[in-house]
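Encoded as structure tokens, the structure appears first; notes follow it.
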Amino acid sequence: MSISIPTEHLLYYWLSLCRITPLRMLKLLEIYAPFELFDRVKRDKKIGELIGEEKYALLCEKANEEILLKNYDELSRYGVKFLAYCDKEFPERLKQPEVCPPPGLYYKGNLALLDSTCIAIVGTRRCSNYGREAAYKFGSELADYGFCIVSGLATGIDAYAHEAVVKASGKAIAVLGMGHAKFGPLDNVALYQSVCKSGLVVSEYPPEQEGAKYTFPERNRLISGFCEAVIIVEAAGSSGALITAERALEQGREVFAVPGNITSPKSAGTNALIQKGAALLAGTQDILNYFSVKNEKIHLDKPAIQLDIFEQKIYNHLMEFGETNFDDLASSCEFSVHELLSTLLSMEMKGAVVRAAGNRYKIT
């Protein structure tokens, strides 16, 4: 009995569903065309020798069009679509051998953003106020010039850069280190939803795939792969952001590093990158010069900020008294610490206020 062979798009979904690693996928496709692989997998033991018995058993188990279509249809339950390596929308930048392309991408959002000029902004999760301000600055200003900002949506620099882009109504692509249904950290769920709605969120992992120690370094090669340049805002000597810088160099991308305080461990990695030849990023103009962009901001339709009565009370205080520290805000506006934290976070997400050094807040 012959096996019914699905479309090439579904064949790449098959490889992705079985978590065939990109390197093994490329090795398989050097020998077999996707259709041939699907037809021969249960009869050709050589395939098992190439990818290992565990993955081979999984390929055989799912080499059934009915099972494959059932799994594919379940993607809609998560609001996720699949972009296969063979699809015309799959970005050419990711097809570079140095990127080690995945069989496909599970995505939510606007695929048209893949045609943008993309710049990654990444850095440490435990950033300083300086790193936070730099991430906001470059995210917001580069969005105003029409660049699409790519990051990993992790806590710290990644999240602050994307918050700034969302507030600026700019273009954003987030690359996850887990499946969509297992997104974390929970603190960034609102931001994840915002980027899904106005930008593009992608993952090489099926929706139910948990994040693991190996998935985040794997993800980093795609962050740089999407981009023409990578900005490392703040990174300690052992930061995962340095892996992104390494992958970017291997892929032929330009690496920019924001210089930091020489006494701060959080800047040890970025300062070392500059010593090794990364471009020192002193301001947005350096990026504009690199891309030969005229110093003219594009027009972005930024929505009016809607505040509830509690947020409006804080906003009115800041309008009257200017930049104010957290404790004074709590006392003057008669909020509990928990209420004020929650309200200020909401206002930050809306782009109404920004936190400055010394736990002080001001209107944007």
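Labels used: A, B, ... for chains in the order of the structure tokens, numbers from 1 for residues in each chain, and numbers from 1 for ligands as shown.
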Residues near Pro207 in chain A, cut-off 12 Å, only C-alpha atoms, skip fewer than 5 positions along chain, as a list in words
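Selected residues are Ser16, Leu17, Asn71, Tyr72, Glu74, Leu75, Ser76, Arg77, Tyr78, Gly79, Val80, Lys81, Phe82, Leu105, Tyr106, Tyr107, Lys108, Leu176, Gly177, Met178, Gly179, His180, Ala181, Lys182, Phe183 and Val202 of chain A.
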DSSP alpha helix (DSSP H) residues within range 56-100 of chain A, as a compact mmCIF listing (two decimals) with N, CA, C and O atoms, in the first residue's frame:
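Listing of result.txt after writing:
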```txt
# COMPACT_ATOMS: atom_id res chain seq x y z
N TYR A 56 14.24 9.02 14.02
CA TYR A 56 13.78 8.18 12.92
C TYR A 56 12.44 7.54 13.25
O TYR A 56 11.52 7.52 12.42
N ALA A 57 12.30 7.05 14.49
CA ALA A 57 11.03 6.43 14.91
C ALA A 57 9.90 7.46 14.87
O ALA A 57 8.77 7.13 14.47
N LEU A 58 10.20 8.69 15.26
CA LEU A 58 9.19 9.74 15.25
C LEU A 58 8.78 10.10 13.82
O LEU A 58 7.59 10.31 13.53
N LEU A 59 9.76 10.18 12.93
CA LEU A 59 9.46 10.45 11.52
C LEU A 59 8.54 9.38 10.94
O LEU A 59 7.58 9.68 10.23
N CYS A 60 8.85 8.12 11.24
CA CYS A 60 8.04 7.01 10.73
C CYS A 60 6.62 7.07 11.29
O CYS A 60 5.64 6.87 10.57
N GLU A 61 6.53 7.39 12.58
CA GLU A 61 5.22 7.45 13.24
C GLU A 61 4.32 8.50 12.60
O GLU A 61 3.11 8.30 12.44
N GLU A 65 -0.35 10.92 6.12
CA GLU A 65 -0.99 12.20 5.76
C GLU A 65 -2.15 12.54 6.68
O GLU A 65 -2.35 13.70 7.05
N GLU A 66 -2.90 11.54 7.10
CA GLU A 66 -4.05 11.79 7.98
C GLU A 66 -3.60 12.35 9.32
O GLU A 66 -4.16 13.34 9.83
N ILE A 67 -2.55 11.73 9.90
CA ILE A 67 -2.02 12.22 11.18
C ILE A 67 -1.44 13.62 11.01
O ILE A 67 -1.63 14.51 11.84
N LEU A 68 -0.74 13.81 9.90
CA LEU A 68 -0.09 15.09 9.64
C LEU A 68 -1.12 16.21 9.52
O LEU A 68 -0.97 17.29 10.12
N LEU A 69 -2.17 15.97 8.77
CA LEU A 69 -3.21 16.98 8.59
C LEU A 69 -3.94 17.28 9.89
O LEU A 69 -4.30 18.42 10.17
N LYS A 70 -4.14 16.25 10.71
CA LYS A 70 -4.79 16.44 12.00
C LYS A 70 -3.94 17.36 12.88
O LYS A 70 -4.47 18.30 13.50
N ASN A 71 -2.63 17.09 12.94
CA ASN A 71 -1.74 17.94 13.74
C ASN A 71 -1.71 19.37 13.19
O ASN A 71 -1.70 20.34 13.94
N TYR A 72 -1.69 19.47 11.87
CA TYR A 72 -1.63 20.79 11.23
C TYR A 72 -2.88 21.61 11.55
O TYR A 72 -2.80 22.80 11.84
N ASP A 73 -4.04 20.95 11.49
CA ASP A 73 -5.29 21.65 11.79
C ASP A 73 -5.34 22.15 13.22
O ASP A 73 -6.02 23.15 13.53
```
Set the distance at 12 Å and use only C-alpha atoms: which residues neighbour Ala190 in chain A once local chain neighbours fewer than 3 positions away are removed? I'd like the list as an MDAnalysis selection string.
chainID A and resid 153 159 162:163 166 183:187 193:197 345:346 348:350
Expressed in Å to a single decimal, how great is the separation between CA of Lys167 in chain A and CA of Gly146 in chain A?
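It comes out at 13.9 Å.
The residue set within 10 Å of Glu228 in chain A, counting only C-alpha atoms and dropping same-chain residues fewer than 4 places from it, reads Arg93, Thr117, Cys118, Ile119, Ala120, Ser224, Ala248, Gln251, Gly252, Arg253, Glu254, Val255 and Phe291 of chain A.
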Could you jot down the CA of Gly283 in chain A to CA of Glu141 in chain A separation for me, Å, one decimal place?
9.8 Å
Residues within 8 Å of Ala257 in chain A, please, as a list in words. Count only C-alpha atoms; anything in the same chain fewer than 5 positions from it doesn't count.
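Skipping anything fewer than 5 positions along the chain leaves Ile231, Ile232, Val233, Glu234, Thr270, Asn271, Leu273, Ile274, Ala278, Ala279, Leu280 and Leu281 of chain A.
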Step one, run DSSP on the backbone; step two, keep only residues of range 47-86 of chain A assigned to strand (DSSP E); then write them as a ChimeraX atom specification.
/A:81-84
Close residues, Leu242 in chain A itself excluded, 10 Å, only C-alpha atoms, min 3 positions apart in chain, as a PDB file with N, CA, C and O atoms, in the first residue's frame:
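Result file is around.pdb:
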```pdb
ATOM      1  N   VAL A 122      19.490  43.578  21.508  1.00  0.00           N
ATOM      2  CA  VAL A 122      19.509  42.534  22.533  1.00  0.00           C
ATOM      3  C   VAL A 122      20.463  42.923  23.659  1.00  0.00           C
ATOM      4  O   VAL A 122      21.267  43.842  23.525  1.00  0.00           O
ATOM      5  N   GLY A 123      20.359  42.193  24.751  1.00  0.00           N
ATOM      6  CA  GLY A 123      21.240  42.466  25.886  1.00  0.00           C
ATOM      7  C   GLY A 123      20.839  41.638  27.093  1.00  0.00           C
ATOM      8  O   GLY A 123      19.989  40.744  27.013  1.00  0.00           O
ATOM      9  N   THR A 124      21.445  41.966  28.207  1.00  0.00           N
ATOM     10  CA  THR A 124      21.263  41.188  29.424  1.00  0.00           C
ATOM     11  C   THR A 124      19.841  41.297  29.968  1.00  0.00           C
ATOM     12  O   THR A 124      19.160  42.307  29.798  1.00  0.00           O
ATOM     13  N   ASN A 220      18.956  32.374  19.261  1.00  0.00           N
ATOM     14  CA  ASN A 220      19.778  33.558  19.020  1.00  0.00           C
ATOM     15  C   ASN A 220      20.295  33.640  17.588  1.00  0.00           C
ATOM     16  O   ASN A 220      20.473  34.735  17.050  1.00  0.00           O
ATOM     17  N   ILE A 232      24.165  45.252  20.528  1.00  0.00           N
ATOM     18  CA  ILE A 232      24.270  44.698  21.871  1.00  0.00           C
ATOM     19  C   ILE A 232      24.289  45.891  22.824  1.00  0.00           C
ATOM     20  O   ILE A 232      25.252  46.657  22.849  1.00  0.00           O
ATOM     21  N   GLU A 234      23.729  46.049  26.405  1.00  0.00           N
ATOM     22  CA  GLU A 234      24.418  45.852  27.678  1.00  0.00           C
ATOM     23  C   GLU A 234      24.538  44.347  27.900  1.00  0.00           C
ATOM     24  O   GLU A 234      23.559  43.616  27.750  1.00  0.00           O
ATOM     25  N   ALA A 235      25.750  43.882  28.228  1.00  0.00           N
ATOM     26  CA  ALA A 235      25.954  42.442  28.397  1.00  0.00           C
ATOM     27  C   ALA A 235      27.153  42.182  29.296  1.00  0.00           C
ATOM     28  O   ALA A 235      28.213  42.779  29.109  1.00  0.00           O
ATOM     29  N   ALA A 236      26.949  41.310  30.260  1.00  0.00           N
ATOM     30  CA  ALA A 236      28.065  40.881  31.104  1.00  0.00           C
ATOM     31  C   ALA A 236      28.971  39.961  30.294  1.00  0.00           C
ATOM     32  O   ALA A 236      28.651  39.569  29.166  1.00  0.00           O
ATOM     33  N   GLY A 237      30.087  39.590  30.895  1.00  0.00           N
ATOM     34  CA  GLY A 237      31.060  38.766  30.178  1.00  0.00           C
ATOM     35  C   GLY A 237      30.542  37.410  29.765  1.00  0.00           C
ATOM     36  O   GLY A 237      31.044  36.806  28.813  1.00  0.00           O
ATOM     37  N   SER A 238      29.507  36.905  30.450  1.00  0.00           N
ATOM     38  CA  SER A 238      28.951  35.585  30.133  1.00  0.00           C
ATOM     39  C   SER A 238      27.522  35.669  29.617  1.00  0.00           C
ATOM     40  O   SER A 238      26.792  34.676  29.623  1.00  0.00           O
ATOM     41  N   SER A 239      27.099  36.834  29.168  1.00  0.00           N
ATOM     42  CA  SER A 239      25.717  37.046  28.750  1.00  0.00           C
ATOM     43  C   SER A 239      25.388  36.254  27.489  1.00  0.00           C
ATOM     44  O   SER A 239      26.216  36.114  26.578  1.00  0.00           O
ATOM     45  N   ALA A 245      25.844  37.930  19.233  1.00  0.00           N
ATOM     46  CA  ALA A 245      26.915  38.664  18.544  1.00  0.00           C
ATOM     47  C   ALA A 245      27.811  37.708  17.757  1.00  0.00           C
ATOM     48  O   ALA A 245      28.184  37.985  16.604  1.00  0.00           O
ATOM     49  N   GLU A 246      28.143  36.568  18.352  1.00  0.00           N
ATOM     50  CA  GLU A 246      28.977  35.571  17.666  1.00  0.00           C
ATOM     51  C   GLU A 246      28.278  35.046  16.420  1.00  0.00           C
ATOM     52  O   GLU A 246      28.879  34.917  15.353  1.00  0.00           O
ATOM     53  N   ARG A 247      26.985  34.718  16.573  1.00  0.00           N
ATOM     54  CA  ARG A 247      26.237  34.212  15.416  1.00  0.00           C
ATOM     55  C   ARG A 247      26.158  35.287  14.328  1.00  0.00           C
ATOM     56  O   ARG A 247      26.252  34.978  13.134  1.00  0.00           O
ATOM     57  N   ALA A 248      25.966  36.535  14.738  1.00  0.00           N
ATOM     58  CA  ALA A 248      25.877  37.625  13.768  1.00  0.00           C
ATOM     59  C   ALA A 248      27.165  37.741  12.949  1.00  0.00           C
ATOM     60  O   ALA A 248      27.126  37.898  11.722  1.00  0.00           O
ATOM     61  N   GLY A 269      30.853  42.723  28.792  1.00  0.00           N
ATOM     62  CA  GLY A 269      30.744  42.052  27.504  1.00  0.00           C
ATOM     63  C   GLY A 269      30.718  43.016  26.335  1.00  0.00           C
ATOM     64  O   GLY A 269      31.376  42.787  25.310  1.00  0.00           O
ATOM     65  N   THR A 270      29.949  44.102  26.450  1.00  0.00           N
ATOM     66  CA  THR A 270      29.868  45.063  25.351  1.00  0.00           C
ATOM     67  C   THR A 270      31.193  45.797  25.161  1.00  0.00           C
ATOM     68  O   THR A 270      31.635  46.020  24.033  1.00  0.00           O
ATOM     69  N   LEU A 273      33.484  43.529  23.338  1.00  0.00           N
ATOM     70  CA  LEU A 273      33.151  43.450  21.910  1.00  0.00           C
ATOM     71  C   LEU A 273      33.777  44.619  21.140  1.00  0.00           C
ATOM     72  O   LEU A 273      34.286  44.447  20.027  1.00  0.00           O
TER      73      LEU A 273
END
```
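Picture a line from CA of Val258 in chain A to CA of Tyr290 in chain A; it runs 15.2 Å.
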